[in-house]
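Structure file data_17.txt (compact mmCIF, C-alpha atoms) follows.
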```txt
# COMPACT_ATOMS: atom_id res chain seq x y z
CA ILE P 44 60.08 127.04 90.95
CA ASP P 45 56.64 126.78 89.34
CA ALA P 46 55.70 126.84 85.65
CA LEU P 47 54.92 130.56 85.61
CA THR P 48 58.29 131.51 87.09
CA THR P 49 60.16 129.04 84.90
CA GLY P 50 58.47 130.45 81.80
CA ALA P 51 59.42 133.99 82.83
CA ILE P 52 63.06 132.98 83.34
CA ILE P 53 63.16 131.24 79.96
CA ALA P 54 61.67 134.34 78.30
CA LEU P 55 64.34 136.53 79.85
CA LEU P 56 67.26 134.22 79.05
CA LYS P 57 66.20 133.54 75.45
CA ASN P 58 66.22 137.22 74.61
CA ASN P 59 69.07 138.34 76.88
CA LYS P 60 71.91 135.82 76.76
CA ASP P 61 74.20 137.54 79.26
CA VAL P 62 71.77 138.50 82.01
CA GLU P 63 71.82 137.13 85.54
CA VAL P 64 68.33 136.26 86.77
CA GLU P 65 67.33 135.85 90.41
CA VAL P 66 63.89 135.12 91.85
CA PHE P 67 62.46 137.05 94.79
CA ASN P 68 59.73 135.52 96.97
CA GLY P 69 58.39 138.11 99.40
CA ASP P 70 55.85 135.96 101.24
CA TYR P 71 57.75 133.31 103.21
CA PRO P 72 57.96 132.35 106.92
CA ALA P 73 61.68 133.23 107.10
CA ASP P 74 64.62 134.69 105.19
CA LYS P 75 66.75 132.28 103.19
CA THR P 76 68.34 131.70 99.80
CA GLU P 77 68.14 128.53 97.71
CA LYS P 78 69.42 127.27 94.37
CA HIS P 79 66.97 125.65 91.95
CA GLU P 80 67.48 123.75 88.71
CA ILE P 81 65.40 124.57 85.65
CA TYR P 82 65.70 123.27 82.11
CA MET P 83 65.98 125.32 78.95
CA GLY P 84 65.81 122.64 76.29
CA ASN P 85 68.48 120.13 77.32
CA LYS P 86 70.42 122.76 79.21
CA LYS P 87 70.22 122.77 83.02
CA ILE P 88 70.37 126.22 84.62
CA LEU P 89 70.89 127.09 88.29
CA ILE P 90 68.66 129.88 89.57
CA THR P 91 68.94 131.64 92.93
CA GLU P 92 65.68 132.24 94.79
CA ASN P 93 65.64 134.79 97.60
CA TYR P 94 62.96 134.07 100.21
CA TYR P 95 61.88 136.91 102.46
CA TRP P 96 59.73 136.93 105.59
CA GLY P 97 56.31 138.17 104.43
CA PRO P 98 55.42 140.64 107.24
CA LYS P 99 58.85 142.27 107.04
CA PHE P 100 58.59 142.59 103.26
CA LEU P 101 55.11 144.12 103.53
CA LEU P 102 56.13 146.54 106.30
CA CYS P 103 59.14 147.74 104.32
CA GLY P 104 57.00 148.20 101.22
CA MET P 105 54.33 150.18 103.06
CA LEU P 106 56.94 152.52 104.53
CA HIS P 107 58.21 153.19 101.01
CA LEU P 108 54.66 153.72 99.74
CA LEU P 109 53.73 156.17 102.51
CA PHE P 110 57.01 158.13 102.44
CA PHE P 111 57.63 157.96 98.68
CA PHE P 112 58.59 161.66 98.65
CA LEU P 113 61.78 161.13 100.68
CA PRO P 114 65.15 161.06 98.86
CA ARG P 115 66.34 157.57 97.85
CA GLY P 116 69.32 157.58 100.21
CA ILE P 117 67.18 158.43 103.22
CA LYS P 118 64.60 155.74 102.33
CA LYS P 119 67.35 153.14 101.98
CA PHE P 120 68.91 154.10 105.32
CA LEU P 121 65.70 154.37 107.36
CA PHE P 122 63.52 151.66 105.84
CA ILE P 123 66.06 149.02 104.81
CA LYS P 124 69.32 149.37 106.73
CA GLN P 125 67.53 150.26 109.97
CA LEU P 126 64.53 147.97 109.45
CA LYS P 127 65.91 145.47 111.98
CA LEU P 128 65.14 147.93 114.80
CA VAL P 129 61.43 147.24 114.22
CA TYR P 130 61.52 143.44 114.27
CA PHE P 131 64.68 142.60 116.28
CA LEU P 132 62.87 141.86 119.58
CA PHE P 133 60.17 139.79 117.85
CA MET P 134 62.88 137.82 116.01
CA LYS P 135 64.64 136.99 119.26
CA LEU P 136 61.46 136.02 121.12
CA LYS P 137 60.20 133.81 118.29
CA LYS P 138 63.71 132.56 117.40
CA LYS P 139 63.17 133.41 113.76
CA LYS P 140 66.05 133.21 111.32
CA LEU P 141 66.04 136.60 109.64
CA ASP P 142 68.72 138.34 107.61
CA MET P 143 69.29 141.63 109.42
CA SER P 144 71.63 142.84 106.68
CA GLU P 145 68.62 142.77 104.30
CA SER P 146 70.91 141.49 101.53
CA ALA P 147 68.01 140.26 99.38
CA LEU P 148 66.20 143.59 99.61
CA ILE P 149 69.36 145.46 98.68
CA LYS P 150 69.79 143.20 95.64
CA LEU P 151 66.21 143.97 94.66
CA ILE P 152 66.48 147.76 94.83
CA GLU P 153 69.88 147.71 93.09
CA ALA P 154 68.69 145.45 90.25
CA ASP P 155 68.97 146.63 86.66
CA TYR P 156 65.41 145.51 85.93
CA ILE P 157 62.46 144.08 87.86
CA VAL P 158 59.89 141.71 86.37
CA ASN P 159 56.66 141.14 88.29
CA MET P 160 54.31 138.15 88.15
CA SER P 161 52.10 138.46 91.26
CA ALA P 162 51.57 134.67 91.48
CA GLY P 163 49.75 134.79 88.15
CA ASP P 164 46.44 136.15 89.40
CA SER P 165 46.98 138.02 92.68
CA PHE P 166 47.41 141.59 91.38
CA SER P 167 43.84 142.34 92.46
CA ASP P 168 41.83 143.34 95.52
CA ILE P 169 39.38 140.41 95.46
CA TYR P 170 41.62 138.47 97.89
CA GLY P 171 41.67 141.35 100.38
CA LEU P 172 43.92 144.33 100.97
CA TYR P 173 46.67 142.29 102.63
CA VAL P 174 47.22 140.25 99.45
CA PHE P 175 46.93 143.33 97.24
CA PHE P 176 49.60 145.23 99.16
CA GLN P 177 51.79 142.12 99.44
CA GLN P 178 51.74 141.76 95.66
CA ILE P 179 52.58 145.39 94.82
CA VAL P 180 55.62 145.75 97.08
CA ASP P 181 58.21 144.88 94.41
CA LYS P 182 56.65 147.46 92.08
CA VAL P 183 56.66 150.01 94.92
CA PHE P 184 60.39 149.40 95.40
CA ALA P 185 61.00 149.75 91.67
CA ARG P 186 59.33 153.16 91.61
CA ALA P 187 60.96 154.25 94.88
CA TYR P 188 64.49 153.58 93.58
CA GLY P 189 64.04 154.31 89.90
CA VAL P 190 64.43 150.71 88.72
CA PRO P 191 62.68 150.05 85.38
CA TYR P 192 60.06 147.32 85.62
CA SER P 193 57.51 145.38 83.60
CA VAL P 194 54.42 143.39 84.55
CA PHE P 195 54.76 139.98 82.87
CA PRO P 196 51.73 138.06 81.50
CA GLN P 197 49.18 137.50 84.23
CA THR P 198 45.57 138.08 85.21
CA ILE P 199 45.24 141.69 86.42
CA GLY P 200 42.22 142.76 88.42
CA PRO P 201 39.47 143.06 89.19
CA PHE P 202 39.83 146.20 91.30
CA ASN P 203 36.77 147.30 93.28
CA LYS P 204 38.13 149.72 95.88
CA LYS P 205 39.06 153.37 95.29
CA ILE P 206 42.42 153.05 97.05
CA THR P 207 43.50 149.99 95.03
CA LYS P 208 42.43 151.64 91.77
CA TYR P 209 44.41 154.77 92.63
CA ILE P 210 47.59 152.85 93.49
CA THR P 211 47.24 150.46 90.54
CA LYS P 212 46.89 153.31 88.04
CA GLY P 213 50.28 154.70 89.08
CA ILE P 214 51.90 151.26 88.97
CA LEU P 215 50.59 150.45 85.48
CA LYS P 216 51.29 153.91 84.08
CA ASN P 217 54.95 153.83 85.15
CA ALA P 218 55.69 150.27 83.99
CA GLU P 219 57.66 149.94 80.76
CA LYS P 220 55.34 147.12 79.65
CA VAL P 221 52.15 145.60 81.04
CA TYR P 222 51.51 142.19 79.50
CA ILE P 223 47.93 141.03 79.99
CA ARG P 224 46.98 137.37 79.75
CA GLU P 225 43.21 137.39 79.15
CA ASN P 226 40.74 139.50 77.18
CA GLU P 227 38.64 139.93 80.33
CA SER P 228 41.57 141.51 82.17
CA MET P 229 42.32 143.83 79.25
CA GLU P 230 38.68 144.95 79.03
CA HIS P 231 38.51 145.48 82.79
CA LEU P 232 41.66 147.62 82.88
CA ILE P 233 40.67 149.71 79.86
CA GLY P 234 37.24 150.23 81.42
CA ILE P 235 38.82 151.65 84.59
CA PHE P 236 42.02 153.34 83.42
CA GLY P 237 41.58 153.76 79.68
CA LYS P 238 43.88 152.24 77.08
CA MET P 239 47.48 152.82 78.16
CA PRO P 240 50.21 152.72 75.49
CA ASN P 241 52.20 150.13 77.44
CA PHE P 242 49.35 147.57 77.52
CA GLU P 243 49.97 144.47 75.42
CA ALA P 244 48.15 141.14 75.16
CA ALA P 245 50.34 138.06 75.71
CA ASN P 246 50.12 134.32 76.27
CA ASP P 247 50.81 132.52 79.53
CA MET P 248 54.57 132.09 79.96
CA ALA P 249 54.21 128.41 80.83
CA PHE P 250 53.87 127.81 77.06
CA LEU P 251 57.57 128.65 76.74
CA MET P 252 58.51 125.55 78.72
CA GLU P 253 59.62 122.42 76.92
CA PRO P 254 58.41 119.03 78.22
CA HIS P 255 60.76 116.84 80.24
CA SER P 256 60.20 113.79 82.38
CA VAL P 257 59.07 114.19 85.99
CA LYS P 258 59.79 111.42 88.49
CA ASN P 259 56.90 111.81 90.89
CA LYS P 260 54.64 108.88 91.77
CA GLU P 261 51.73 111.06 92.88
CA TYR P 262 51.90 113.05 89.64
CA GLU P 263 52.10 109.89 87.52
CA LYS P 264 49.04 108.47 89.31
CA PHE P 265 47.10 111.66 88.66
CA VAL P 266 47.98 111.64 84.94
CA LYS P 267 46.96 107.97 84.57
CA THR P 268 43.83 107.87 86.75
CA GLY P 269 42.79 111.45 87.51
CA GLU P 270 43.04 110.64 91.22
CA SER P 271 45.19 112.73 93.50
CA PHE P 272 46.02 112.83 97.18
CA TYR P 273 45.48 116.59 97.11
CA LEU P 274 41.93 116.27 95.78
CA SER P 275 41.00 114.61 99.10
CA PHE P 276 41.71 117.89 100.88
CA PRO P 277 39.68 120.67 99.22
CA TYR P 278 40.79 123.20 101.83
CA ILE P 279 44.32 122.91 100.45
CA LEU P 280 43.05 123.98 97.05
```

Show how you would write the structure in this file as structure tokens.
Amino acid sequence: IDALTTGAIIALLKNNKDVEVEVFNGDYPADKTEKHEIYMGNKKILITENYYWGPKFLLCGMLHLLFFFLPRGIKKFLFIKQLKLVYFLFMKLKKKKLDMSESALIKLIEADYIVNMSAGDSFSDIYGLYVFFQQIVDKVFARAYGVPYSVFPQTIGPFNKKITKYITKGILKNAEKVYIRENESMEHLIGIFGKMPNFEAANDMAFLMEPHSVKNKEYEKFVKTGESFYLSFPYIL
């Protein structure tokens, strides 16, 4: 779990002592669930992360976006419980491990609250429409099933296409809170959509983390010398 996600979890747990937090990753090569350890001060906390195969997540989200007018029960039956009919043959041919019960998706749409982070800077159309639609799916689900949601501190925008502006306006308008990380993002959004009452400036959530030792030789080398294995491969960055 990265710094942004850890900061978001800490923010939620500090202000809501009795909540159960799970992480949802909708852009992964397969479906699986893992437990991660994070630290809140000296306290170690186990967090469940639900990984979901990216194309399946995107397909399901687009069906909900296109047929938003259908009743919730019909959407859940057709686009979640019967989703396996679309990818079953592909799964068998490619020998992919996919959860045909869609347990992670069901947890998502039955959540009490959804918090979105969009990888910190991917709620935009500058990376292409695939990334834009991939990053809005959780918010589409929230609106489709009446789950309250907030956009946690992140870079939002820029938006250059009419279709992305139209969809984004609805997403931002219906969020309980939209926390915006930079002045440039705030100015951009106000310039396109006007000042919405749910807009609020906020710091990066990584500042909520407390320092603790990391046993990683590559990281220690980078801190001491500024040299890193990863800097030898700019295409990775």

* Once you count all atoms listed in the file, which residues end up no further than 12 Å from (51.1, 146.4, 81.3) in the file's frame, shown as a PyMOL selection string? -> chain P and resi 158-160+166+192-200+211-224+228-229+232-233+236+238-245

* Select, from P:Phe100, P:Phe122, P:Phe110, P:Tyr130, the residue with the minimum atom-to-atom distance to Val180 of chain P, counting only C-alpha atoms. =>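 Checking each of P:Phe100, P:Phe122, P:Phe110, P:Tyr130 against Val180 of chain P, counting only C-alpha atoms, the winner is P:Phe100.
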
* Using only C-alpha atoms, which of the listed residues (P:Leu101, P:Phe250, P:Arg186, P:Gly163) sits closest to Ala54 of chain P? ->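 The answer is P:Phe250, which sits nearest to Ala54 of chain P.
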
* **Within 10 Å of file point (57.9, 123.5, 88.0), counting all atoms listed in the file, expressed as a PyMOL selection string** => chain P and resi 44-50+80-82+249+252+257

* To do: Mind checking which residues fall within 10 Å of Asp70 of chain P, counting only C-alpha atoms, ignoring those fewer than 3 positions away in the same chain, and posting them as a PyMOL selection string?
  => chain P and resi 67+73-74+94-101+174+177-178
